[in-house]
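*Asks:* Encoded as structure tokens, here's the structure I'll be asking about.
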Amino acid sequence: MIGVGARDTLGQAEDFVRRTGSGNSLLMLWDSSGASWNGLGITSQHRIIVLNRFGQEIDMRANPSHSWILDKVAGIGSA
């Protein structure tokens, strides 16, 4: 799983990783241009996009529940 910060400042993104501990379970990337979010159609934070092994989007959710995330992670091998 990869997290991409783009809309805030790098300092805010680093603070988010520090506060949430998300860097322990996700590869966190920083995109100062915001091009990655624009290219993926992300318009707000707390958005998850699930891609299959070919890079094709199979689901997207804003503010997903923990159970939704766990279900998607469990299905990654079959996507």
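Letters A, B, ... mark the chains of the structure tokens in the order given; residue numbers begin at 1 per chain; ligand numbers begin at 1, in order shown.
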Please, which residues of chain A, numbered as in this document, come out strand (DSSP E or B) from DSSP, as a list in words?
*Replies:*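 Selecting the strand (DSSP E or B) positions of chain A gives Ile2, Gly3, Val4, Gly5, Leu27, Met28, Leu29, Trp30, Arg47, Ile48, Ile49, Val50, Leu51, Glu57, Ile58, Asp59, Met60, Arg61 and Ala62 of chain A.
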*Asks:* Might you pull out every residue within 9 Å of Gln45 (chain A), with only C-alpha atoms counted and same-chain residues fewer than 2 positions away left off, and present them as a VMD selection string?
*Replies:* chain A and resid 5 7 42 to 43 47 to 48 62 to 63
*Asks:* Apply DSSP to the backbone of this structure and, from chain A, keep only the residues in alpha helix (DSSP H); write these as a PyMOL selection string.
*Replies:* chain A and resi 10-20+35-40+66-74
*Asks:* Pick from A:Ala6, A:Leu26, A:Trp37, A:Val17: nearest to Ile49 (chain A), with only C-alpha atoms counted?
*Replies:*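 Once distances to Ile49 (chain A) are computed over only C-alpha atoms, the minimum belongs to A:Trp37.
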*Asks:* How many Å separate CA of Glu14 (chain A) from CA of Asp59 (chain A)?
*Replies:*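 Going from CA of Glu14 (chain A) over to CA of Asp59 (chain A) covers 26.9 Å.
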*Asks:* Choose the residue, out of A:Ser25, A:Ser32, A:Leu10, A:Ile58, that has the smallest atom-to-atom separation from Lys72 (chain A); count only C-alpha atoms.
*Replies:*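 Under the stated criterion, the closest residue is A:Ile58.
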